[in-house]
Amino acid sequence: MVGVLFGPPGSGKGTQAELIAPILGVPHISTGELLRAESEAMTPLGAEVAPLLAAGELVPDELIERVLEQRLRAPDAAQGALLDGYPRTVAQARALDDLLAETGRRLEFVLRLDVDDKTLIDRLLRRAHEQHRSDDNPESIAERLAEYHQLTEPVIGYYRGEGVPVLEIDGNGTVEQVHAEIIRALQKVRQD
Ligand code: AMP
């Protein structure tokens, strides 16, 4: 089982992935978390990506594809994974398809969290006070939303073309409401 939680920054991907991954029995893999851990540990990779993270810019496709590939090869991901924050470009989506095909797997679903831009900005500014992430400031937030609309949203069209089920979820509600809607959507797609 490999699934993707898709949505703009602040749409609740991380929160919902934490709730759903244990139900699906697979690890929650957040590429943003992997990069932040590298950056905090001050590894060479971390030093390379830290300025990009702080500015809210995407890291290069080849770099993140390598990070994801390594994480997916870990033993706990043998049964699958719930991806959060990957893919963010069509090139990354193609790389994921190739990676899964190597082990005879394919993507089962894409859960797309849809949230209004105004709600996203409010949530990200609130998180800035709570978590002190280097990229939760007004300039980086604007950059991340622009990157999302320009580079990441086209990934949905790519998956529709490939026949991967895209489950549309209204992400504007409370954590509990969104979680319940995701569960309903997953039950439906798994029955079909
Ligand atoms: P996130 O925690 O998913 O919001 O990611 C935080 C930051 O990590 C992003 O703003 C990017 O700088 C970087 N990042 C995470 N995932 C990717 C990805 N798939 N492609 C490019 N950059 C990424």
# chains A, B, ... in the order shown; residues from 1 in each chain; ligands from 1
call {"tool": "residues_near_ligand", "arguments": {"ligand": "ligand 1", "cutoff": "7 Å", "atoms": "only C-alpha atoms and all ligand atoms", "output": "PyMOL selection string"}}
result
chain A and resi 9+30-33+35+52-53+56-61+64+84-88+144
call {"tool": "write_last_selection", "arguments": {"atoms": "N, CA and C atoms", "output": "PDB file, in the first residue's frame"}}
result
ATOM      1  N   PRO A   9       0.812  23.827   1.571  1.00  0.00           N
ATOM      2  CA  PRO A   9       1.353  23.973   2.916  1.00  0.00           C
ATOM      3  C   PRO A   9       0.259  24.495   3.846  1.00  0.00           C
ATOM      4  N   SER A  30       7.381  11.954   5.648  1.00  0.00           N
ATOM      5  CA  SER A  30       7.293  13.369   5.282  1.00  0.00           C
ATOM      6  C   SER A  30       8.661  13.805   4.779  1.00  0.00           C
ATOM      7  N   THR A  31       8.742  14.195   3.503  1.00  0.00           N
ATOM      8  CA  THR A  31      10.050  14.620   2.975  1.00  0.00           C
ATOM      9  C   THR A  31      10.507  15.913   3.649  1.00  0.00           C
ATOM     10  N   GLY A  32       9.547  16.785   4.027  1.00  0.00           N
ATOM     11  CA  GLY A  32       9.913  18.012   4.743  1.00  0.00           C
ATOM     12  C   GLY A  32      10.575  17.677   6.079  1.00  0.00           C
ATOM     13  N   GLU A  33      10.002  16.689   6.808  1.00  0.00           N
ATOM     14  CA  GLU A  33      10.581  16.270   8.098  1.00  0.00           C
ATOM     15  C   GLU A  33      11.981  15.688   7.887  1.00  0.00           C
ATOM     16  N   LEU A  35      14.098  16.414   5.581  1.00  0.00           N
ATOM     17  CA  LEU A  35      15.035  17.512   5.296  1.00  0.00           C
ATOM     18  C   LEU A  35      15.313  18.346   6.543  1.00  0.00           C
ATOM     19  N   LEU A  52      17.342  26.841   1.335  1.00  0.00           N
ATOM     20  CA  LEU A  52      16.152  26.660   0.491  1.00  0.00           C
ATOM     21  C   LEU A  52      14.914  26.497   1.370  1.00  0.00           C
ATOM     22  N   LEU A  53      15.043  25.689   2.431  1.00  0.00           N
ATOM     23  CA  LEU A  53      13.931  25.489   3.356  1.00  0.00           C
ATOM     24  C   LEU A  53      13.501  26.823   3.949  1.00  0.00           C
ATOM     25  N   GLY A  56      11.550  28.907   1.666  1.00  0.00           N
ATOM     26  CA  GLY A  56      10.304  28.327   1.167  1.00  0.00           C
ATOM     27  C   GLY A  56      10.411  27.862  -0.270  1.00  0.00           C
ATOM     28  N   GLU A  57      11.650  27.638  -0.745  1.00  0.00           N
ATOM     29  CA  GLU A  57      11.834  27.173  -2.128  1.00  0.00           C
ATOM     30  C   GLU A  57      11.944  25.657  -2.165  1.00  0.00           C
ATOM     31  N   LEU A  58      11.518  25.074  -3.278  1.00  0.00           N
ATOM     32  CA  LEU A  58      11.647  23.623  -3.415  1.00  0.00           C
ATOM     33  C   LEU A  58      13.117  23.252  -3.575  1.00  0.00           C
ATOM     34  N   VAL A  59      13.510  22.116  -3.007  1.00  0.00           N
ATOM     35  CA  VAL A  59      14.871  21.622  -3.233  1.00  0.00           C
ATOM     36  C   VAL A  59      14.866  20.911  -4.593  1.00  0.00           C
ATOM     37  N   PRO A  60      16.047  20.758  -5.247  1.00  0.00           N
ATOM     38  CA  PRO A  60      16.059  20.175  -6.596  1.00  0.00           C
ATOM     39  C   PRO A  60      15.469  18.755  -6.629  1.00  0.00           C
ATOM     40  N   ASP A  61      14.786  18.447  -7.731  1.00  0.00           N
ATOM     41  CA  ASP A  61      14.139  17.143  -7.876  1.00  0.00           C
ATOM     42  C   ASP A  61      15.099  15.985  -7.614  1.00  0.00           C
ATOM     43  N   ILE A  64      15.819  15.427  -3.858  1.00  0.00           N
ATOM     44  CA  ILE A  64      14.722  14.898  -3.035  1.00  0.00           C
ATOM     45  C   ILE A  64      14.363  13.484  -3.481  1.00  0.00           C
ATOM     46  N   ASP A  84       3.859  12.216   2.493  1.00  0.00           N
ATOM     47  CA  ASP A  84       3.357  13.564   2.807  1.00  0.00           C
ATOM     48  C   ASP A  84       4.411  14.567   2.332  1.00  0.00           C
ATOM     49  N   GLY A  85       4.044  15.395   1.353  1.00  0.00           N
ATOM     50  CA  GLY A  85       4.997  16.398   0.862  1.00  0.00           C
ATOM     51  C   GLY A  85       5.791  15.923  -0.343  1.00  0.00           C
ATOM     52  N   TYR A  86       5.470  14.774  -0.845  1.00  0.00           N
ATOM     53  CA  TYR A  86       6.099  14.220  -2.041  1.00  0.00           C
ATOM     54  C   TYR A  86       5.031  13.455  -2.816  1.00  0.00           C
ATOM     55  N   PRO A  87       4.897  13.591  -4.117  1.00  0.00           N
ATOM     56  CA  PRO A  87       5.676  14.424  -5.031  1.00  0.00           C
ATOM     57  C   PRO A  87       5.170  15.871  -5.046  1.00  0.00           C
ATOM     58  N   ARG A  88       6.070  16.787  -5.352  1.00  0.00           N
ATOM     59  CA  ARG A  88       5.711  18.208  -5.450  1.00  0.00           C
ATOM     60  C   ARG A  88       5.892  18.734  -6.868  1.00  0.00           C
ATOM     61  N   ARG A 144       5.893  29.601  -0.844  1.00  0.00           N
ATOM     62  CA  ARG A 144       5.453  28.190  -0.847  1.00  0.00           C
ATOM     63  C   ARG A 144       4.080  28.035  -1.504  1.00  0.00           C
TER      64      ARG A 144
END
call {"tool": "select_by_dssp", "arguments": {"residues": "segment 143-173 of chain A", "states": "alpha helix (DSSP H)", "output": "number ranges by chain"}}
result
A: 143-147, 154-162
call {"tool": "residues_around", "arguments": {"residues": "Ala142 of chain A", "least_positions_apart": "3", "cutoff": "12 Å", "atoms": "only C-alpha atoms", "output": "list in words"}}
result
Pro8, Pro9, Gly10, Ala55, Gly56, Glu57, Asp117, Lys118, Leu120, Ile121, Leu124, Leu125, Asp135, Asp136, Asn137, Pro138, Glu139, Leu145, Ala146, Glu147, Tyr148 and His149 of chain A
call {"tool": "write_last_selection", "arguments": {"atoms": "C-alpha atoms", "output": "compact mmCIF listing (two decimals), in the first residue's frame"}}
result
# COMPACT_ATOMS: atom_id res chain seq x y z
CA PRO A 8 -0.82 22.98 -0.05
CA PRO A 9 1.35 23.97 2.92
CA GLY A 10 -0.88 24.32 5.98
CA ALA A 55 13.22 30.69 1.86
CA GLY A 56 10.30 28.33 1.17
CA GLU A 57 11.83 27.17 -2.13
CA ASP A 117 -5.63 30.22 0.63
CA LYS A 118 -6.84 32.58 3.38
CA LEU A 120 -3.90 28.33 4.89
CA ILE A 121 -2.18 31.64 5.61
CA LEU A 124 0.67 28.87 8.89
CA LEU A 125 1.02 32.15 10.77
CA ASP A 135 9.81 28.85 6.77
CA ASP A 136 6.65 29.96 8.60
CA ASN A 137 7.09 33.69 7.94
CA PRO A 138 5.02 35.84 5.54
CA GLU A 139 7.63 35.90 2.71
CA LEU A 145 1.86 28.91 -1.91
CA ALA A 146 3.04 30.25 -5.27
CA GLU A 147 5.23 27.15 -5.82
CA TYR A 148 2.29 24.95 -4.87
CA HIS A 149 -0.07 26.50 -7.40
call {"tool": "residues_around", "arguments": {"residues": "segment 168-184 of chain A", "least_positions_apart": "6", "cutoff": "8 Å", "atoms": "only C-alpha atoms", "output": "ChimeraX atom specification"}}
result
/A:11-12,15-16,19-20,111-116,119
call {"tool": "write_last_selection", "arguments": {"atoms": "all heavy atoms", "output": "short mmCIF file (atom, residue, chain, number, x, y, z; two decimals), in the first residue's frame"}}
result
data_model
loop_
_atom_site.label_atom_id
_atom_site.label_comp_id
_atom_site.auth_asym_id
_atom_site.auth_seq_id
_atom_site.Cartn_x
_atom_site.Cartn_y
_atom_site.Cartn_z
N SER A 11 -2.29 22.67 4.87
CA SER A 11 -3.58 22.01 4.63
C SER A 11 -3.84 20.88 5.62
O SER A 11 -4.92 20.30 5.61
CB SER A 11 -3.65 21.47 3.19
OG SER A 11 -2.60 20.56 2.95
N GLY A 12 -2.86 20.58 6.47
CA GLY A 12 -3.07 19.54 7.48
C GLY A 12 -2.54 18.18 7.07
O GLY A 12 -2.90 17.16 7.69
N THR A 15 -0.63 16.44 10.03
CA THR A 15 -1.55 16.07 11.12
C THR A 15 -2.40 14.86 10.71
O THR A 15 -2.52 13.89 11.46
CB THR A 15 -2.50 17.26 11.43
OG1 THR A 15 -1.69 18.38 11.73
CG2 THR A 15 -3.43 16.95 12.58
N GLN A 16 -2.95 14.91 9.51
CA GLN A 16 -3.81 13.81 9.07
C GLN A 16 -2.99 12.54 8.79
O GLN A 16 -3.45 11.44 9.08
CB GLN A 16 -4.60 14.23 7.81
CG GLN A 16 -5.59 15.36 8.06
CD GLN A 16 -6.69 14.99 9.06
OE1 GLN A 16 -7.02 13.82 9.25
NE2 GLN A 16 -7.25 16.01 9.71
N LEU A 19 -2.49 10.51 11.83
CA LEU A 19 -3.69 9.79 12.27
C LEU A 19 -3.97 8.57 11.39
O LEU A 19 -4.46 7.55 11.86
CB LEU A 19 -4.91 10.72 12.23
CG LEU A 19 -4.89 11.92 13.19
CD1 LEU A 19 -6.07 12.85 12.91
CD2 LEU A 19 -4.94 11.42 14.64
N ILE A 20 -3.66 8.69 10.11
CA ILE A 20 -4.08 7.65 9.16
C ILE A 20 -3.04 6.56 8.97
O ILE A 20 -3.38 5.39 8.78
CB ILE A 20 -4.42 8.31 7.81
CG1 ILE A 20 -5.66 9.18 7.99
CG2 ILE A 20 -4.71 7.29 6.73
CD1 ILE A 20 -5.72 10.26 6.99
N LEU A 111 -4.77 11.30 -1.83
CA LEU A 111 -5.77 12.02 -1.03
C LEU A 111 -5.43 13.50 -1.15
O LEU A 111 -4.36 13.92 -0.74
CB LEU A 111 -5.63 11.64 0.44
CG LEU A 111 -6.41 10.45 0.94
CD1 LEU A 111 -5.86 10.02 2.28
CD2 LEU A 111 -7.89 10.77 1.07
N ARG A 112 -6.35 14.26 -1.73
CA ARG A 112 -6.05 15.67 -1.94
C ARG A 112 -6.83 16.54 -0.96
O ARG A 112 -8.07 16.55 -0.98
CB ARG A 112 -6.43 16.06 -3.37
CG ARG A 112 -6.12 17.50 -3.62
CD ARG A 112 -6.80 17.99 -4.85
NE ARG A 112 -6.20 19.24 -5.26
CZ ARG A 112 -6.52 19.88 -6.36
NH1 ARG A 112 -7.41 19.38 -7.17
NH2 ARG A 112 -5.96 21.02 -6.65
N LEU A 113 -6.10 17.24 -0.10
CA LEU A 113 -6.74 18.14 0.87
C LEU A 113 -6.87 19.52 0.24
O LEU A 113 -5.87 20.13 -0.16
CB LEU A 113 -5.88 18.26 2.14
CG LEU A 113 -5.72 16.99 2.97
CD1 LEU A 113 -4.80 17.27 4.16
CD2 LEU A 113 -7.08 16.53 3.47
N ASP A 114 -8.11 19.98 0.15
CA ASP A 114 -8.37 21.27 -0.47
C ASP A 114 -8.72 22.30 0.62
O ASP A 114 -9.64 22.07 1.40
CB ASP A 114 -9.54 21.10 -1.46
CG ASP A 114 -9.72 22.32 -2.31
OD1 ASP A 114 -8.72 22.99 -2.58
OD2 ASP A 114 -10.87 22.61 -2.67
N VAL A 115 -7.96 23.38 0.69
CA VAL A 115 -8.17 24.41 1.72
C VAL A 115 -8.03 25.79 1.06
O VAL A 115 -7.14 25.99 0.22
CB VAL A 115 -7.14 24.26 2.87
CG1 VAL A 115 -7.37 25.32 3.94
CG2 VAL A 115 -7.21 22.87 3.50
N ASP A 116 -8.89 26.73 1.45
CA ASP A 116 -8.80 28.10 0.90
C ASP A 116 -7.47 28.73 1.28
O ASP A 116 -6.98 28.54 2.39
CB ASP A 116 -9.89 29.01 1.52
CG ASP A 116 -11.25 28.40 1.40
OD1 ASP A 116 -11.46 27.65 0.44
OD2 ASP A 116 -12.09 28.67 2.28
N THR A 119 -7.42 30.61 4.68
CA THR A 119 -7.35 29.71 5.84
C THR A 119 -5.92 29.17 5.98
O THR A 119 -5.39 29.05 7.10
CB THR A 119 -8.34 28.53 5.66
OG1 THR A 119 -9.62 29.08 5.40
CG2 THR A 119 -8.40 27.64 6.89
#
call {"tool": "select_by_dssp", "arguments": {"residues": "segment 25-91 of chain A", "states": "strand (DSSP E)", "output": "VMD selection string"}}
result
chain A and resid 28 to 30 81 to 84
call {"tool": "write_last_selection", "arguments": {"atoms": "C-alpha atoms", "output": "PDB file, in the first residue's frame"}}
result
ATOM      1  CA  HIS A  28       4.226   8.195   7.557  1.00  0.00           C
ATOM      2  CA  ILE A  29       7.036   9.581   5.400  1.00  0.00           C
ATOM      3  CA  SER A  30       7.293  13.369   5.282  1.00  0.00           C
ATOM      4  CA  ALA A  81       4.139   4.057   3.041  1.00  0.00           C
ATOM      5  CA  LEU A  82       1.935   7.102   3.326  1.00  0.00           C
ATOM      6  CA  LEU A  83       3.798   9.964   1.655  1.00  0.00           C
ATOM      7  CA  ASP A  84       3.357  13.564   2.807  1.00  0.00           C
TER       8      ASP A  84
END
call {"tool": "closest_residue", "arguments": {"among": "A:Lys13, A:Arg126, A:Arg190, A:Arg133", "to": "Ser39 of chain A", "atoms": "only C-alpha atoms"}}
result
A:Arg133
call {"tool": "atom_distance", "arguments": {"atom1": "atom CA of Ala91 of chain A", "atom2": "atom CA of Pro75 of chain A"}}
result
25.7 Å
